[in-house]
Amino acid sequence: MKKLSVLLVVLCVIVSWSLLSSHSHNDTLSQLLANQKLNNFKKELNQFNQLVINWKEAKVSEKSIQLAYKQLRNSYKQIEFLLEFTDPALVKDNLNGAPLPHLDKTAPSLLVLNPVGLQVLDELLQEPKDSITIQEIKFQSDLLNQTMQSYQWQTKIYDRYIFEGAFIALIRLFNLGLTGFDTPGSLHGIEDSKSVLLSLKEFLVLYQSALDARKPGFHAELMQMLSSAIQDLNKSKGFNEFNRYAFLVNHLNPLINQFKSAKHLLQIETMEEVNPNQSALNYEANGLFDPNLLQKDFYLKLPIKYRNEKTIALGKLLFYDPILSANNARSCGSCHNPTLAFTDGLQKSRAFKSDTFIQRNAPSLINSVYAERFFYDLRAGTLEDQTEHVIFSKEEFNTSYFDIFNKLNGSKTYAEMFKQTFPDFNPASLNRTTLSYALAAYVGSITSFSSPFDLAVQQGAKAQLPNQVVNGFNLFMGKAACGTCHFAPVFNGTTPPFFFESESEVLGVPEDASAKVWKLDGDKGRADGRYKENIPFYEYSFKTVTVRNTALTKPYMHNGSFLTLEDVVDFYNNGGGAGKGLSVPHQTLASDKLNLSKNEIADLLAFMNSLNDSNYHFEMPVTLPAIELYPNLNNRIIGGSY
């Protein structure tokens with residue numbers, strides 16, 4: 001037995017060394033290939049920059065510039081997934097961020113960053129080439145070149161980066177490539193997608209022997225899946241005609257699964273093992289519409305030990321209890337009714353004085369946790385921060401923490417629940433922090449991905465969706481450009497591929513869409529003088545909320561100006577406020593008409609209606625805790641009376 005034990009130990013050491021050797025070998029080869037592709041990008045960028053510098057003076061043709069730009073994009077897309085995975089700030093701020101000014105979040109005060117990079121170039125290269133445009137193209141090209149010529153990898157390229165980077169690449173390819181987000185001028189997304197998949201094939205070749213040793217035929221199967229996806233991209237008749245739904249179910253989700261399986265076969269460490277709770281993405285998800293693709297734990301800021309059913313149960317009672325308001329008549333549920341997908345069905349929500357209204361309406365809370373910031377003007381940085389905004393608002397709860405705690409402490413049930421839920425805070429277990437934790441835990445639990453569209457995608461290619469819905473999805477993600485702001489799978493403004501930033505948009509929403517002559521709504525949104533982001537390009541900018549459950553969340557926009565979904569689509573089809581003739585200097589929505597036909601509009605509406613989720617179950621409590629110290633409060637209405 002002793003000899004057998006020694007033999008087993010020796011064998012384990014040999015196998016472990018062999019696996020380690022294989023991984024180290026692959027790490028080295030991956031590093032070499034990554035270096036090669038990075039250097040190729042630098043070379044193409046330098047060549048493009050030289051052509052641009054000599055443009056006009058040396059009679060370089062525009063055709064040569066466009067050809068060099070395509071080669072540049074191809075070389076960039078072959079290495080983008082590793083650049084983005086290892087240095088996301090570089091990609092966002094210097095190489096391929098949206099062509100709009102934005103704030104530097106790392107700066108101690110307001111610092112505006114002007115747009116730079118390939119998306120800016122993509123737009124400029126499609127514009128008429130006057131002297132100003134050419135100078136801007138030269139500036140952008142030179143800036144890119146300067147950034148990259150001295151750039152070196154910020155870290156060694158490990159196996160995990162290849163496979164989890166592939167996960168990022170596939171999400172970006174679908175959400176930002178095939179939608180046209182990455183190429184706002186040229187709509188070059190299909191060609192970009194082929195470059196990405198071809199690059200993944202090259203990296204995958206390095207793992208052939210290791211994969212075959214563990215599961216014969218697996219490597220060939222994955223390579224064939226990539227080839228099949230590329231073939232379908234090659235068959236495309238154009239950007240507007242491409243069948244994105246078929247690509248999603250036949251290629252994208254299966255590839256995500258297969259790369260995950262490859263990682264497991266190779267026994268590569270996971271993101272969760274290396275950086276627990278540091279990613280919004282679940283790298284073990286089965287596809288883009290896996291209900292667990294996004295990790296709630298990333299977005300919630302309350303400590304992990306309080307993210308449990310006990311905290312949620314307490315938060316649920318508080319959410320529907322009007323005791324939180326000054327008049328004991330209004331609760332969170334007054335404006336966020338679960339039967340209306342947690343909205344109130346009003347153009348603008350009722351104010352504390354019930355015969356008046358506040359400035360905006362109540363957005364849906366379903367899946368609202370999947371965001372970086374909250375409220376239409378993004379003024380709250382976390383779900384937990386929302387509480388005090390509502391409590392102190394004279395138009396909403398119109399009260400104070402002192403008054404709330406006085407009433408809650410008058411209840412034996414509430415006192416005991418806070419004590420049991422937050423034992424670390426005893427003897428003062430009821431305080432600002434625990435109250436916000438409980439409410440955030442409940443709101444964070446209000447998630448659902450069970451609409452007919454979700455269920456069909458989760459079943460894969462075997463599922464049957466009406467052609468009208470499929471056509472509508474393809475329009476949403478393509479010609480209609482909805483998917484460039486409402487990102488799948490939540491269909492809100494939380495931006496892929498990492499899903500940790502929330503976008504807002506300037507649409508030019510009218511004060512009254514039913515008026516014969518439109519007037520721009522006076523609400524300045526994100527640039528309201530009360531908040532820290534009072535800068536011109538955020539004037540009239542509002543958070544991009546989800547288009548899920550639209551059947552239950554009308555009327556639409558922050559002011560309820562549009563009474564039907566048809567009105568909303570017509571607004572976008574005509575280029576928003578600017579397209580309708582309003583003066584909206586910083587409108588982020590393109591003012592060009594989409595030229596959607598009546599049939600296309602009908603298809604688009606059919607798709608959005610397929611996102612209505614009738615399977616969610618969020619019901620009000622049956623009873624509320626008694627307030628023994630104040631018996632007159634025990635007849636309060638569950639959910640409030642507003």
# chains A, B, ... in the order shown; residues from 1 in each chain; ligands from 1

call {"tool": "residues_around", "arguments": {"residues": "Leu378 in chain A", "least_positions_apart": "2", "cutoff": "10 Å", "atoms": "only C-alpha atoms", "output": "ChimeraX atom specification"}}
result
/A:371-376,380-382,502-504,525-526,531,533,541-544

call {"tool": "select_by_dssp", "arguments": {"residues": "range 493-607 of chain A", "states": "strand (DSSP E)", "output": "VMD selection string"}}
result
chain A and resid 504 to 506 541 to 543

call {"tool": "closest_residue", "arguments": {"among": "A:Leu266, A:Val443, A:Leu324, A:Ala246", "to": "Asn474 in chain A", "atoms": "only C-alpha atoms"}}
result
A:Ala246

call {"tool": "residues_around", "arguments": {"residues": "range 590-592 of chain A", "least_positions_apart": "6", "cutoff": "8 Å", "atoms": "only C-alpha atoms", "output": "PyMOL selection string"}}
result
chain A and resi 574-579

call {"tool": "select_by_dssp", "arguments": {"residues": "range 533-640 of chain A", "states": "helix (DSSP H, G or I)", "output": "VMD selection string"}}
result
chain A and resid 536 to 538 565 to 573 576 to 579 598 to 609 631 to 633

call {"tool": "write_last_selection", "arguments": {"atoms": "N, CA and C atoms", "output": "PDB file, in the first residue's frame"}}
result
ATOM      1  N   PRO A 536     -22.826  72.212 -20.577  1.00  0.00           N
ATOM      2  CA  PRO A 536     -23.712  72.370 -21.739  1.00  0.00           C
ATOM      3  C   PRO A 536     -24.098  71.087 -22.454  1.00  0.00           C
ATOM      4  N   PHE A 537     -23.145  70.168 -22.686  1.00  0.00           N
ATOM      5  CA  PHE A 537     -23.526  69.004 -23.492  1.00  0.00           C
ATOM      6  C   PHE A 537     -24.389  67.997 -22.739  1.00  0.00           C
ATOM      7  N   TYR A 538     -24.632  68.232 -21.449  1.00  0.00           N
ATOM      8  CA  TYR A 538     -25.583  67.397 -20.712  1.00  0.00           C
ATOM      9  C   TYR A 538     -26.950  68.068 -20.563  1.00  0.00           C
ATOM     10  N   LEU A 565     -46.595  53.818 -27.761  1.00  0.00           N
ATOM     11  CA  LEU A 565     -45.302  53.373 -28.258  1.00  0.00           C
ATOM     12  C   LEU A 565     -45.133  53.741 -29.735  1.00  0.00           C
ATOM     13  N   GLU A 566     -46.249  53.767 -30.454  1.00  0.00           N
ATOM     14  CA  GLU A 566     -46.208  54.202 -31.859  1.00  0.00           C
ATOM     15  C   GLU A 566     -45.701  55.637 -31.972  1.00  0.00           C
ATOM     16  N   ASP A 567     -46.130  56.491 -31.041  1.00  0.00           N
ATOM     17  CA  ASP A 567     -45.663  57.883 -31.031  1.00  0.00           C
ATOM     18  C   ASP A 567     -44.154  57.958 -30.804  1.00  0.00           C
ATOM     19  N   VAL A 568     -43.661  57.095 -29.922  1.00  0.00           N
ATOM     20  CA  VAL A 568     -42.228  57.077 -29.623  1.00  0.00           C
ATOM     21  C   VAL A 568     -41.429  56.673 -30.863  1.00  0.00           C
ATOM     22  N   VAL A 569     -41.855  55.605 -31.521  1.00  0.00           N
ATOM     23  CA  VAL A 569     -41.146  55.136 -32.715  1.00  0.00           C
ATOM     24  C   VAL A 569     -41.175  56.203 -33.806  1.00  0.00           C
ATOM     25  N   ASP A 570     -42.304  56.886 -33.954  1.00  0.00           N
ATOM     26  CA  ASP A 570     -42.412  57.964 -34.945  1.00  0.00           C
ATOM     27  C   ASP A 570     -41.422  59.088 -34.623  1.00  0.00           C
ATOM     28  N   PHE A 571     -41.272  59.395 -33.340  1.00  0.00           N
ATOM     29  CA  PHE A 571     -40.330  60.431 -32.885  1.00  0.00           C
ATOM     30  C   PHE A 571     -38.909  60.071 -33.314  1.00  0.00           C
ATOM     31  N   TYR A 572     -38.504  58.834 -33.051  1.00  0.00           N
ATOM     32  CA  TYR A 572     -37.165  58.394 -33.444  1.00  0.00           C
ATOM     33  C   TYR A 572     -37.032  58.305 -34.966  1.00  0.00           C
ATOM     34  N   ASN A 573     -38.073  57.849 -35.616  1.00  0.00           N
ATOM     35  CA  ASN A 573     -38.038  57.693 -37.072  1.00  0.00           C
ATOM     36  C   ASN A 573     -37.810  59.030 -37.771  1.00  0.00           C
ATOM     37  N   GLY A 576     -35.816  62.562 -33.792  1.00  0.00           N
ATOM     38  CA  GLY A 576     -35.935  63.212 -32.497  1.00  0.00           C
ATOM     39  C   GLY A 576     -36.353  64.663 -32.599  1.00  0.00           C
ATOM     40  N   GLY A 577     -36.071  65.430 -31.551  1.00  0.00           N
ATOM     41  CA  GLY A 577     -36.479  66.831 -31.520  1.00  0.00           C
ATOM     42  C   GLY A 577     -35.862  67.648 -32.637  1.00  0.00           C
ATOM     43  N   ALA A 578     -34.561  67.460 -32.882  1.00  0.00           N
ATOM     44  CA  ALA A 578     -33.884  68.217 -33.944  1.00  0.00           C
ATOM     45  C   ALA A 578     -34.472  67.873 -35.307  1.00  0.00           C
ATOM     46  N   GLY A 579     -34.786  66.599 -35.507  1.00  0.00           N
ATOM     47  CA  GLY A 579     -35.386  66.186 -36.773  1.00  0.00           C
ATOM     48  C   GLY A 579     -36.758  66.780 -36.994  1.00  0.00           C
ATOM     49  N   LYS A 598     -44.054  51.465 -42.840  1.00  0.00           N
ATOM     50  CA  LYS A 598     -45.131  51.083 -41.917  1.00  0.00           C
ATOM     51  C   LYS A 598     -44.963  49.642 -41.460  1.00  0.00           C
ATOM     52  N   ASN A 599     -44.582  48.765 -42.376  1.00  0.00           N
ATOM     53  CA  ASN A 599     -44.380  47.358 -42.014  1.00  0.00           C
ATOM     54  C   ASN A 599     -43.205  47.206 -41.056  1.00  0.00           C
ATOM     55  N   GLU A 600     -42.149  47.965 -41.291  1.00  0.00           N
ATOM     56  CA  GLU A 600     -40.987  47.884 -40.401  1.00  0.00           C
ATOM     57  C   GLU A 600     -41.330  48.407 -39.012  1.00  0.00           C
ATOM     58  N   ILE A 601     -42.113  49.468 -38.949  1.00  0.00           N
ATOM     59  CA  ILE A 601     -42.543  49.990 -37.648  1.00  0.00           C
ATOM     60  C   ILE A 601     -43.388  48.952 -36.909  1.00  0.00           C
ATOM     61  N   ALA A 602     -44.260  48.288 -37.646  1.00  0.00           N
ATOM     62  CA  ALA A 602     -45.100  47.241 -37.034  1.00  0.00           C
ATOM     63  C   ALA A 602     -44.226  46.104 -36.501  1.00  0.00           C
ATOM     64  N   ASP A 603     -43.191  45.736 -37.253  1.00  0.00           N
ATOM     65  CA  ASP A 603     -42.283  44.675 -36.809  1.00  0.00           C
ATOM     66  C   ASP A 603     -41.516  45.106 -35.560  1.00  0.00           C
ATOM     67  N   LEU A 604     -41.064  46.344 -35.559  1.00  0.00           N
ATOM     68  CA  LEU A 604     -40.319  46.871 -34.416  1.00  0.00           C
ATOM     69  C   LEU A 604     -41.180  46.851 -33.157  1.00  0.00           C
ATOM     70  N   LEU A 605     -42.433  47.243 -33.292  1.00  0.00           N
ATOM     71  CA  LEU A 605     -43.358  47.219 -32.149  1.00  0.00           C
ATOM     72  C   LEU A 605     -43.615  45.793 -31.684  1.00  0.00           C
ATOM     73  N   ALA A 606     -43.700  44.867 -32.637  1.00  0.00           N
ATOM     74  CA  ALA A 606     -43.921  43.461 -32.278  1.00  0.00           C
ATOM     75  C   ALA A 606     -42.753  42.935 -31.449  1.00  0.00           C
ATOM     76  N   PHE A 607     -41.549  43.299 -31.845  1.00  0.00           N
ATOM     77  CA  PHE A 607     -40.388  42.866 -31.052  1.00  0.00           C
ATOM     78  C   PHE A 607     -40.434  43.452 -29.650  1.00  0.00           C
ATOM     79  N   MET A 608     -40.659  44.759 -29.541  1.00  0.00           N
ATOM     80  CA  MET A 608     -40.668  45.370 -28.208  1.00  0.00           C
ATOM     81  C   MET A 608     -41.768  44.780 -27.332  1.00  0.00           C
ATOM     82  N   ASN A 609     -42.892  44.443 -27.936  1.00  0.00           N
ATOM     83  CA  ASN A 609     -43.964  43.804 -27.165  1.00  0.00           C
ATOM     84  C   ASN A 609     -43.594  42.388 -26.744  1.00  0.00           C
ATOM     85  N   PRO A 631     -50.818  53.670  17.769  1.00  0.00           N
ATOM     86  CA  PRO A 631     -51.910  52.833  17.260  1.00  0.00           C
ATOM     87  C   PRO A 631     -52.680  53.467  16.105  1.00  0.00           C
ATOM     88  N   ASN A 632     -52.695  54.784  16.049  1.00  0.00           N
ATOM     89  CA  ASN A 632     -53.443  55.448  14.981  1.00  0.00           C
ATOM     90  C   ASN A 632     -52.829  55.191  13.597  1.00  0.00           C
ATOM     91  N   LEU A 633     -51.595  54.679  13.564  1.00  0.00           N
ATOM     92  CA  LEU A 633     -50.935  54.392  12.286  1.00  0.00           C
ATOM     93  C   LEU A 633     -51.240  52.981  11.778  1.00  0.00           C
TER      94      LEU A 633
END

call {"tool": "residues_around", "arguments": {"residues": "Leu475 in chain A", "least_positions_apart": "4", "cutoff": "8 Å", "atoms": "only C-alpha atoms", "output": "PDB file with N, CA and C atoms, in the first residue's frame"}}
result
ATOM      1  N   ASN A 240     -28.132  46.445 -43.243  1.00  0.00           N
ATOM      2  CA  ASN A 240     -29.558  46.437 -42.888  1.00  0.00           C
ATOM      3  C   ASN A 240     -30.186  45.066 -43.062  1.00  0.00           C
ATOM      4  N   ASN A 471     -37.993  39.892 -37.278  1.00  0.00           N
ATOM      5  CA  ASN A 471     -37.715  41.065 -38.120  1.00  0.00           C
ATOM      6  C   ASN A 471     -37.553  42.319 -37.269  1.00  0.00           C
ATOM      7  N   LYS A 479     -30.969  48.554 -38.611  1.00  0.00           N
ATOM      8  CA  LYS A 479     -31.385  49.762 -39.323  1.00  0.00           C
ATOM      9  C   LYS A 479     -31.972  50.837 -38.414  1.00  0.00           C
ATOM     10  N   ALA A 480     -32.805  50.449 -37.459  1.00  0.00           N
ATOM     11  CA  ALA A 480     -33.465  51.438 -36.588  1.00  0.00           C
ATOM     12  C   ALA A 480     -32.524  52.000 -35.525  1.00  0.00           C
ATOM     13  N   ALA A 481     -31.372  51.363 -35.333  1.00  0.00           N
ATOM     14  CA  ALA A 481     -30.309  51.854 -34.438  1.00  0.00           C
ATOM     15  C   ALA A 481     -30.739  51.957 -32.977  1.00  0.00           C
ATOM     16  N   GLU A 600     -42.149  47.965 -41.291  1.00  0.00           N
ATOM     17  CA  GLU A 600     -40.987  47.884 -40.401  1.00  0.00           C
ATOM     18  C   GLU A 600     -41.330  48.407 -39.012  1.00  0.00           C
ATOM     19  N   LEU A 604     -41.064  46.344 -35.559  1.00  0.00           N
ATOM     20  CA  LEU A 604     -40.319  46.871 -34.416  1.00  0.00           C
ATOM     21  C   LEU A 604     -41.180  46.851 -33.157  1.00  0.00           C
TER      22      LEU A 604
END

call {"tool": "atom_distance", "arguments": {"atom1": "CA of Leu29 in chain A", "atom2": "CA of Ala280 in chain A"}}
result
29.4 Å

call {"tool": "closest_atom_pairs", "arguments": {"of": "range 183-220 of chain A", "to": "range 106-119 of chain A", "cutoff": "10 Å", "atoms": "only C-alpha atoms", "output": "Markdown table"}}
result
| residue | atom | partner | partner_atom | distance |
| --- | --- | --- | --- | --- |
| A:Thr183 | CA | A:Gln119 | CA | 5.9 |
| A:Pro184 | CA | A:Gln119 | CA | 6.7 |
| A:Gly185 | CA | A:Gln119 | CA | 8.0 |
| A:Ser186 | CA | A:Gln119 | CA | 9.6 |

call {"tool": "write_last_selection", "arguments": {"atoms": "N, CA and C atoms", "output": "tab-separated table (two decimals), in the first residue's frame"}}
result
chain	number	residue	atom	x	y	z
A	183	THR	N	-19.00	51.74	-35.60
A	183	THR	CA	-18.71	52.36	-36.90
A	183	THR	C	-19.86	53.28	-37.28
A	184	PRO	N	-20.01	54.41	-36.56
A	184	PRO	CA	-21.18	55.27	-36.76
A	184	PRO	C	-21.25	55.91	-38.14
A	185	GLY	N	-20.13	55.95	-38.85
A	185	GLY	CA	-20.15	56.54	-40.18
A	185	GLY	C	-20.21	55.51	-41.28
A	186	SER	N	-19.34	54.52	-41.20
A	186	SER	CA	-19.21	53.54	-42.30
A	186	SER	C	-20.12	52.32	-42.16

call {"tool": "residues_around", "arguments": {"residues": "Ser445 in chain A", "least_positions_apart": "2", "cutoff": "10 Å", "atoms": "only C-alpha atoms", "output": "PyMOL selection string"}}
result
chain A and resi 296+307-309+312+315-316+365-369+439-443+447-448+618

call {"tool": "write_last_selection", "arguments": {"atoms": "N, CA and C atoms", "output": "mmCIF file, in the first residue's frame"}}
result
data_model
loop_
_atom_site.group_PDB
_atom_site.id
_atom_site.type_symbol
_atom_site.label_atom_id
_atom_site.label_comp_id
_atom_site.auth_asym_id
_atom_site.auth_seq_id
_atom_site.Cartn_x
_atom_site.Cartn_y
_atom_site.Cartn_z
ATOM 1 N N LYS A 296 -25.647 40.757 -9.949
ATOM 2 C CA LYS A 296 -26.214 41.796 -9.081
ATOM 3 C C LYS A 296 -25.240 42.221 -7.985
ATOM 4 N N ARG A 307 -26.667 40.555 1.814
ATOM 5 C CA ARG A 307 -27.385 40.272 0.566
ATOM 6 C C ARG A 307 -28.071 38.914 0.692
ATOM 7 N N ASN A 308 -29.156 38.901 1.411
ATOM 8 C CA ASN A 308 -29.842 37.635 1.687
ATOM 9 C C ASN A 308 -31.347 37.865 1.761
ATOM 10 N N GLU A 309 -32.068 36.789 1.875
ATOM 11 C CA GLU A 309 -33.538 36.845 1.874
ATOM 12 C C GLU A 309 -34.084 37.623 3.068
ATOM 13 N N ILE A 312 -33.889 41.265 2.144
ATOM 14 C CA ILE A 312 -34.890 41.527 1.095
ATOM 15 C C ILE A 312 -36.288 41.596 1.693
ATOM 16 N N GLY A 315 -36.714 44.834 3.454
ATOM 17 C CA GLY A 315 -36.807 45.900 2.461
ATOM 18 C C GLY A 315 -38.152 45.922 1.770
ATOM 19 N N LYS A 316 -38.709 44.748 1.549
ATOM 20 C CA LYS A 316 -40.026 44.671 0.901
ATOM 21 C C LYS A 316 -41.100 45.320 1.770
ATOM 22 N N LEU A 365 -38.782 49.716 -12.171
ATOM 23 C CA LEU A 365 -37.703 49.228 -11.314
ATOM 24 C C LEU A 365 -37.258 47.829 -11.684
ATOM 25 N N ILE A 366 -37.958 47.179 -12.621
ATOM 26 C CA ILE A 366 -37.550 45.825 -13.011
ATOM 27 C C ILE A 366 -36.204 45.902 -13.720
ATOM 28 N N ASN A 367 -35.222 45.187 -13.185
ATOM 29 C CA ASN A 367 -33.845 45.157 -13.700
ATOM 30 C C ASN A 367 -33.124 46.502 -13.542
ATOM 31 N N SER A 368 -33.686 47.396 -12.729
ATOM 32 C CA SER A 368 -33.039 48.704 -12.558
ATOM 33 C C SER A 368 -31.702 48.586 -11.840
ATOM 34 N N VAL A 369 -31.461 47.487 -11.139
ATOM 35 C CA VAL A 369 -30.203 47.297 -10.429
ATOM 36 C C VAL A 369 -29.019 47.288 -11.384
ATOM 37 N N LEU A 439 -33.787 48.624 1.717
ATOM 38 C CA LEU A 439 -34.525 49.042 0.521
ATOM 39 C C LEU A 439 -33.761 48.682 -0.750
ATOM 40 N N ALA A 440 -32.432 48.870 -0.736
ATOM 41 C CA ALA A 440 -31.623 48.530 -1.909
ATOM 42 C C ALA A 440 -31.659 47.028 -2.176
ATOM 43 N N ALA A 441 -31.641 46.237 -1.115
ATOM 44 C CA ALA A 441 -31.681 44.777 -1.286
ATOM 45 C C ALA A 441 -32.979 44.361 -1.959
ATOM 46 N N TYR A 442 -34.093 44.979 -1.567
ATOM 47 C CA TYR A 442 -35.370 44.617 -2.200
ATOM 48 C C TYR A 442 -35.416 45.081 -3.645
ATOM 49 N N VAL A 443 -35.067 46.337 -3.900
ATOM 50 C CA VAL A 443 -35.101 46.843 -5.276
ATOM 51 C C VAL A 443 -34.153 46.022 -6.150
ATOM 52 N N THR A 447 -35.792 41.595 -10.439
ATOM 53 C CA THR A 447 -35.204 41.302 -11.743
ATOM 54 C C THR A 447 -36.004 40.196 -12.425
ATOM 55 N N SER A 448 -36.035 40.253 -13.744
ATOM 56 C CA SER A 448 -36.740 39.211 -14.486
ATOM 57 C C SER A 448 -36.309 39.225 -15.943
ATOM 58 N N PHE A 618 -43.925 39.780 -8.313
ATOM 59 C CA PHE A 618 -43.553 40.696 -7.240
ATOM 60 C C PHE A 618 -44.844 41.264 -6.666
#

call {"tool": "closest_residue", "arguments": {"among": "A:Leu435, A:Leu302, A:Leu45, A:Ile53", "to": "Ser75 in chain A", "atoms": "only C-alpha atoms"}}
result
A:Leu45

call {"tool": "closest_residue", "arguments": {"among": "A:Val545, A:Ala362, A:Met271, A:Ile638", "to": "Val490 in chain A", "atoms": "only C-alpha atoms"}}
result
A:Val545

call {"tool": "closest_residue", "arguments": {"among": "A:Ala463, A:Ala262, A:Glu221, A:Ile79", "to": "Leu198 in chain A", "atoms": "only C-alpha atoms"}}
result
A:Ile79

call {"tool": "atom_distance", "arguments": {"atom1": "CA of Ala220 in chain A", "atom2": "CA of Val205 in chain A"}}
result
9.6 Å

call {"tool": "closest_residue", "arguments": {"among": "A:Ala341, A:Leu72, A:Leu121, A:Val274", "to": "Arg548 in chain A", "atoms": "only C-alpha atoms"}}
result
A:Ala341
